[in-house]
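Take a look at the structure below.
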Amino acid sequence: GSTLEIKDLHVEIEGKEILKGVNLTINGGEFHAVMGPNGTGKSTLASSIMGHPHYEITQGSVTLDGKDVLEMEVDERAKAGLFLAMQYPSEISGVTTSDFLRSAINVKRDEGDEIPLMQFIKEMDEALDYLEIDKNMAQRYLNEGFSGGEKKRNEILQLLMLKPEIAILDEIDSGLDIDALKVVAKGINKLRSDNFGCLMITHYQRLLNYITPDKVHVMMQGRVVKSGGPELAQRLEEEGYDWIKKDLGIEN
Ligand code: ADP
Ligand code: MG
Ligand code: MG
């Protein structure tokens with residue numbers, strides 16, 4: 001498996017420091033959850049790793065197996081084995097899910113070694129079946145007119161098809177009804193192996209009822225302020241974040 005290492009990451013948006021020294025290491029085989037109140041920098045963390053141009057990295061490093069991720073172009077990050085749900089545009093006019101997936105798979109493969117069409121169709125059909133996604137979705141333009149739930153299922157379809165080393169999923173559970181949530185969890189759990197590590201960013205404990213994280217981290221005010229096991233998420237569900245603020249002497 002691969003290792004994603006985030007060290008002392010400081011990030012600014014429009015001159016304002018949002019991340020103030022984030023440290024996190026995700027190894028292959030591990031599922032990590034990052035939780036925390038709204039506005040604490042969780043999405044900023046995901047977007048910074050993705051390479052969103054709006055975010056200025058002022059200090060620290062992000063490496064994948066020792067290679068500098070922050071120096072890579074966005075497509076190089078994917079090729080290196082990172083999956084960042086948000087790296088894909090929300091809508092691509094005139095590109096079907098199927099076309100998009102096939103080219104995304106081929107970007108990861110060496111030139112001249114494109115995935116054979118029949119193999120691609122077989123793998124896609126299996127993944128669609130597994131995720132209980134209507135086969136017609138593959139022929140629809142990506143995300144055009146998709147419901148919130150369909151978009152999330154489509155992201156998990158991408159995840160299953162692209163088989164990344166490390167995935168970063170920002171609020172993959174938001175806005176899902178319980179059936180859609182179970183399907184999303186089923187997809188993520190299917191990938192569990194030594195060759196897959198996952199960072200799940202979520203505001204709610206609910207997702208973690210279906211995907212048991214190995215480690216849970218709490219972010220507040222631009223830093224990871226507490227880490228623990230699944231029991232930490234449970235306590236947050238029951239008691240909220242106030243006890244952590246109190247422990248750390250953070251004002252509301
Ligand atoms: P979270 O995902 O934990 O809710 P965010 O990373 O979205 O938090 O936001 C962290 C902080 O950065 C917030 O104070 C938010 O207002 C600010 N922020 C996020 N994105 C932008 C942006 N594009 N421009 C200006 N401020 C932003
Ligand atoms: Mg937010
Ligand atoms: Mg967010």
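Following the order of the structure tokens, chains are lettered A, B, ..., residues in each are numbered from 1, and ligands are numbered from 1.
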Set out as CSV a contact list for chain A and ligand 1 with a cut-off of 6 Å, giving each residue of chain A that qualifies its closest atom pair and distance in Å to one decimal, counting only C-alpha atoms and all ligand atoms, ordered by chain and rising residue number.
```
residue,atom,partner,partner_atom_place_in_ligand_line,distance
A:Ile13,CA,ligand 1,25 (C),5.6
A:Ile18,CA,ligand 1,12 (O),5.5
A:Asn38,CA,ligand 1,4 (O),3.7
A:Gly39,CA,ligand 1,8 (O),3.4
A:Thr40,CA,ligand 1,3 (O),3.9
A:Gly41,CA,ligand 1,6 (O),3.2
A:Lys42,CA,ligand 1,3 (O),3.7
A:Ser43,CA,ligand 1,2 (O),3.6
A:Thr44,CA,ligand 1,6 (O),3.7
```
Would you save the residues of that selection, restricted to C-alpha atoms, as a tab-separated table (two decimals), in the first residue's frame?
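selection_3.tsv, written as the output of this step:
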```tsv
chain	number	residue	atom	x	y	z
A	13	ILE	CA	-7.36	31.76	1.30
A	18	ILE	CA	-7.31	28.70	7.35
A	38	ASN	CA	-18.48	23.71	10.28
A	39	GLY	CA	-15.90	26.18	9.11
A	40	THR	CA	-12.88	24.51	10.74
A	41	GLY	CA	-11.04	23.84	7.47
A	42	LYS	CA	-12.00	20.27	6.58
A	43	SER	CA	-12.90	21.08	2.99
A	44	THR	CA	-9.90	23.38	2.75
```
### Message
Show me, as a ChimeraX atom specification, the residues that have an atom within 9 Å of Ile168 (chain A) when counting only C-alpha atoms, minus same-chain residues fewer than 2 positions from it.
### Response
/A:46,49-50,82-86,166,170,197-201
Please produce a file of those selected residues containing C-alpha atoms, as a PDB file, in the first residue's frame.
```
ATOM      1  CA  ALA A  46      -9.302  18.287   0.873  1.00  0.00           C
ATOM      2  CA  ILE A  49      -4.498  18.257  -1.432  1.00  0.00           C
ATOM      3  CA  MET A  50      -6.495  18.328  -4.657  1.00  0.00           C
ATOM      4  CA  LEU A  82      -4.789   9.752  -5.377  1.00  0.00           C
ATOM      5  CA  PHE A  83      -8.550   9.983  -5.741  1.00  0.00           C
ATOM      6  CA  LEU A  84     -10.120  13.269  -4.858  1.00  0.00           C
ATOM      7  CA  ALA A  85     -13.814  13.274  -5.478  1.00  0.00           C
ATOM      8  CA  MET A  86     -13.884  17.000  -6.050  1.00  0.00           C
ATOM      9  CA  ILE A 166      -5.602   6.723  -1.435  1.00  0.00           C
ATOM     10  CA  ASP A 170     -15.365  15.177   1.422  1.00  0.00           C
ATOM     11  CA  GLY A 197      -6.337   3.961   2.228  1.00  0.00           C
ATOM     12  CA  CYS A 198      -9.179   6.368   2.766  1.00  0.00           C
ATOM     13  CA  LEU A 199      -9.704   9.762   4.371  1.00  0.00           C
ATOM     14  CA  MET A 200     -13.385  10.405   4.960  1.00  0.00           C
ATOM     15  CA  ILE A 201     -14.344  13.939   5.874  1.00  0.00           C
TER      16      ILE A 201
END
```
### Query
Near Glu71 (chain A), counting only C-alpha atoms, which residues have an atom at most 12 Å away, once you skip same-chain residues fewer than 4 positions from it, shown as a ChimeraX atom specification?
/A:48-51,57,61-64,67,75-77
Please report, as a CSV table (one decimal) with C-alpha atoms, in the first residue's frame, each residue of region 37-205 of chain A to which DSSP assigns strand (DSSP E) when run on this structure's backbone.
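Once everything was written out, this is selection.csv:
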```csv
chain,number,residue,atom,x,y,z
A,55,TYR,CA,-5.8,27.8,-1.9
A,56,GLU,CA,-2.3,29.0,-1.1
A,57,ILE,CA,0.0,26.6,0.7
A,58,THR,CA,2.3,28.7,2.8
A,59,GLN,CA,4.1,26.0,4.8
A,60,GLY,CA,4.4,22.3,5.2
A,61,SER,CA,4.2,19.3,2.8
A,62,VAL,CA,2.0,16.6,1.3
A,63,THR,CA,3.7,13.5,0.0
A,64,LEU,CA,2.6,10.2,-1.5
A,67,LYS,CA,6.8,12.1,-3.7
A,68,ASP,CA,5.8,15.8,-3.4
A,82,LEU,CA,-4.8,9.8,-5.4
A,83,PHE,CA,-8.5,10.0,-5.7
A,84,LEU,CA,-10.1,13.3,-4.9
A,166,ILE,CA,-5.6,6.7,-1.4
A,167,ALA,CA,-9.0,8.3,-1.6
A,168,ILE,CA,-10.1,11.6,0.0
A,169,LEU,CA,-13.9,11.9,0.3
A,170,ASP,CA,-15.4,15.2,1.4
A,197,GLY,CA,-6.3,4.0,2.2
A,198,CYS,CA,-9.2,6.4,2.8
A,199,LEU,CA,-9.7,9.8,4.4
A,200,MET,CA,-13.4,10.4,5.0
A,201,ILE,CA,-14.3,13.9,5.9
```
### Task
Identify, on the basis of only C-alpha atoms, every residue whose closest approach to region 144-148 of chain A does not exceed 12 Å; exclude the query and any residue fewer than 3 positions from it along the same chain; express the result as a ChimeraX atom specification.
/A:89-97,137-141,151-155,171-177,180-181
Requested write-out: N, CA and C atoms of the selected residues, as a compact mmCIF listing (two decimals), in the first residue's frame:
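This went into result.txt:
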```txt
# COMPACT_ATOMS: atom_id res chain seq x y z
N PRO A 89 -14.96 17.95 -12.42
CA PRO A 89 -15.94 19.02 -12.57
C PRO A 89 -17.34 18.50 -12.26
N SER A 90 -18.18 19.35 -11.75
CA SER A 90 -19.49 18.88 -11.34
C SER A 90 -20.34 18.49 -12.55
N GLU A 91 -20.10 19.12 -13.68
CA GLU A 91 -20.82 18.78 -14.90
C GLU A 91 -19.86 18.88 -16.08
N ILE A 92 -19.90 17.92 -16.96
CA ILE A 92 -19.10 18.02 -18.18
C ILE A 92 -20.06 17.86 -19.34
N SER A 93 -20.29 18.95 -20.03
CA SER A 93 -21.26 18.89 -21.13
C SER A 93 -20.79 17.96 -22.23
N GLY A 94 -21.68 17.09 -22.67
CA GLY A 94 -21.39 16.24 -23.82
C GLY A 94 -20.49 15.06 -23.54
N VAL A 95 -20.12 14.83 -22.27
CA VAL A 95 -19.29 13.66 -21.93
C VAL A 95 -20.11 12.71 -21.06
N THR A 96 -20.27 11.48 -21.53
CA THR A 96 -21.04 10.54 -20.73
C THR A 96 -20.18 10.01 -19.59
N THR A 97 -20.84 9.47 -18.58
CA THR A 97 -20.14 8.84 -17.46
C THR A 97 -19.19 7.77 -17.97
N MET A 137 -27.40 5.15 -16.46
CA MET A 137 -26.60 6.27 -15.97
C MET A 137 -25.28 6.38 -16.73
N ALA A 138 -24.71 5.25 -17.09
CA ALA A 138 -23.42 5.24 -17.77
C ALA A 138 -23.47 6.01 -19.10
N GLN A 139 -24.65 6.05 -19.70
CA GLN A 139 -24.79 6.71 -21.01
C GLN A 139 -25.31 8.14 -20.88
N ARG A 140 -25.58 8.56 -19.65
CA ARG A 140 -26.01 9.95 -19.46
C ARG A 140 -24.79 10.85 -19.33
N TYR A 141 -24.97 12.14 -19.69
CA TYR A 141 -23.87 13.08 -19.54
C TYR A 141 -23.55 13.24 -18.06
N LYS A 151 -25.28 11.75 -7.85
CA LYS A 151 -23.91 12.26 -7.92
C LYS A 151 -22.98 11.48 -6.99
N LYS A 152 -23.47 11.21 -5.77
CA LYS A 152 -22.64 10.49 -4.80
C LYS A 152 -22.40 9.06 -5.25
N ARG A 153 -23.46 8.42 -5.76
CA ARG A 153 -23.29 7.06 -6.26
C ARG A 153 -22.30 7.04 -7.41
N ASN A 154 -22.39 8.08 -8.26
CA ASN A 154 -21.47 8.18 -9.39
C ASN A 154 -20.02 8.33 -8.91
N GLU A 155 -19.83 9.07 -7.82
CA GLU A 155 -18.48 9.21 -7.26
C GLU A 155 -17.94 7.87 -6.78
N GLU A 171 -17.43 14.84 2.62
CA GLU A 171 -18.88 14.81 2.81
C GLU A 171 -19.59 13.97 1.77
N ILE A 172 -19.07 12.76 1.57
CA ILE A 172 -19.68 11.83 0.63
C ILE A 172 -21.07 11.41 1.13
N ASP A 173 -21.32 11.67 2.41
CA ASP A 173 -22.58 11.23 3.03
C ASP A 173 -23.63 12.34 3.11
N SER A 174 -23.25 13.56 2.71
CA SER A 174 -24.23 14.63 2.94
C SER A 174 -25.39 14.54 1.96
N GLY A 175 -26.58 14.72 2.47
CA GLY A 175 -27.78 14.73 1.65
C GLY A 175 -28.25 13.36 1.16
N LEU A 176 -27.69 12.29 1.70
CA LEU A 176 -28.11 10.96 1.26
C LEU A 176 -29.20 10.40 2.17
N ASP A 177 -30.19 9.73 1.55
CA ASP A 177 -31.12 8.98 2.39
C ASP A 177 -30.43 7.69 2.81
N ALA A 180 -29.30 5.14 0.06
CA ALA A 180 -28.16 5.61 -0.73
C ALA A 180 -26.89 5.57 0.11
N LEU A 181 -27.01 5.92 1.39
CA LEU A 181 -25.86 5.89 2.29
C LEU A 181 -25.29 4.48 2.42
```
### Task
Show which residues sit within 9 Å of region 229-241 of chain A, as number ranges by chain. Count only C-alpha atoms, and ignore same-chain residues fewer than 6 positions away.
A: 33, 35-37, 204-206, 208, 212-218
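Across A:Ile178, A:Val224, A:Leu45, A:Ile188, the tightest approach to ligand 2 is made by A:Leu45 when counting only C-alpha atoms and all ligand atoms.
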Per DSSP on the backbone, what are the helix (DSSP H, G or I) residues of region 192-245 of chain A, as a PDB file with C-alpha atoms, in the first residue's frame?
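Result saved to selection09.pdb:
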```
ATOM      1  CA  ARG A 206     -23.872   8.458  10.729  1.00  0.00           C
ATOM      2  CA  LEU A 207     -21.570   7.330   7.890  1.00  0.00           C
ATOM      3  CA  LEU A 208     -19.288   5.724  10.454  1.00  0.00           C
ATOM      4  CA  ASN A 209     -22.082   3.368  11.503  1.00  0.00           C
ATOM      5  CA  PRO A 230     -14.121   4.758  16.526  1.00  0.00           C
ATOM      6  CA  GLU A 231     -15.218   5.454  20.102  1.00  0.00           C
ATOM      7  CA  LEU A 232     -14.234   9.089  19.620  1.00  0.00           C
ATOM      8  CA  ALA A 233     -16.849   9.478  16.847  1.00  0.00           C
ATOM      9  CA  GLN A 234     -19.407   7.846  19.114  1.00  0.00           C
ATOM     10  CA  ARG A 235     -18.699  10.311  21.901  1.00  0.00           C
ATOM     11  CA  LEU A 236     -18.958  13.256  19.487  1.00  0.00           C
ATOM     12  CA  GLU A 237     -22.345  11.983  18.357  1.00  0.00           C
ATOM     13  CA  GLU A 238     -23.540  11.845  21.952  1.00  0.00           C
ATOM     14  CA  GLU A 239     -21.899  14.938  23.384  1.00  0.00           C
ATOM     15  CA  ASP A 242     -18.072  21.324  23.534  1.00  0.00           C
ATOM     16  CA  TRP A 243     -16.112  18.954  25.772  1.00  0.00           C
ATOM     17  CA  ILE A 244     -13.149  19.114  23.405  1.00  0.00           C
ATOM     18  CA  LYS A 245     -13.305  22.901  23.290  1.00  0.00           C
TER      19      LYS A 245
END
```
### Task
Using only C-alpha atoms and all ligand atoms, find the one residue out of A:Thr25, A:Thr202, A:Asn195, A:Ser227 that sits nearest to ligand 2.
A:Thr202
### Query
Counting only C-alpha atoms, what is within 8 Å of region 117-130 of chain A, bar same-chain residues fewer than 6 positions away, as number ranges by chain?
A: 102, 157, 160-161, 187
Selection file, C-alpha atoms, as a short mmCIF file (atom, residue, chain, number, x, y, z; two decimals), in the first residue's frame:
```
data_model
loop_
_atom_site.label_atom_id
_atom_site.label_comp_id
_atom_site.auth_asym_id
_atom_site.auth_seq_id
_atom_site.Cartn_x
_atom_site.Cartn_y
_atom_site.Cartn_z
CA ARG A 102 -12.74 5.20 -19.66
CA LEU A 157 -18.66 4.24 -9.18
CA LEU A 160 -14.56 1.39 -7.77
CA MET A 161 -13.49 1.77 -11.39
CA GLY A 187 -18.81 0.55 -2.30
#
```
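In this model, the gap between CA of Val34 (chain A) and CA of Gly21 (chain A) comes to 15.0 Å.
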### Message
I want to know what sits within 8 Å of Arg223 (chain A), based on only C-alpha atoms, with residues of the same chain fewer than 2 positions away left out; could you give that as a PyMOL selection string?
### Response
chain A and resi 19-23+40+219-221+225
## Note on the structure
Counting only C-alpha atoms, closest pick from A:Lys246, A:Leu191, A:Asp179, A:Lys186 relative to Gly29 (chain A) is A:Leu191
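Across the model, the gap from CA of Asn27 (chain A) to CA of Gly228 (chain A) is 15.8 Å.
Considering only C-alpha atoms, the residue among A:Pro53, A:Gly66, A:Gly81, A:Gly28 positioned nearest to Pro164 (chain A) is A:Gly81.
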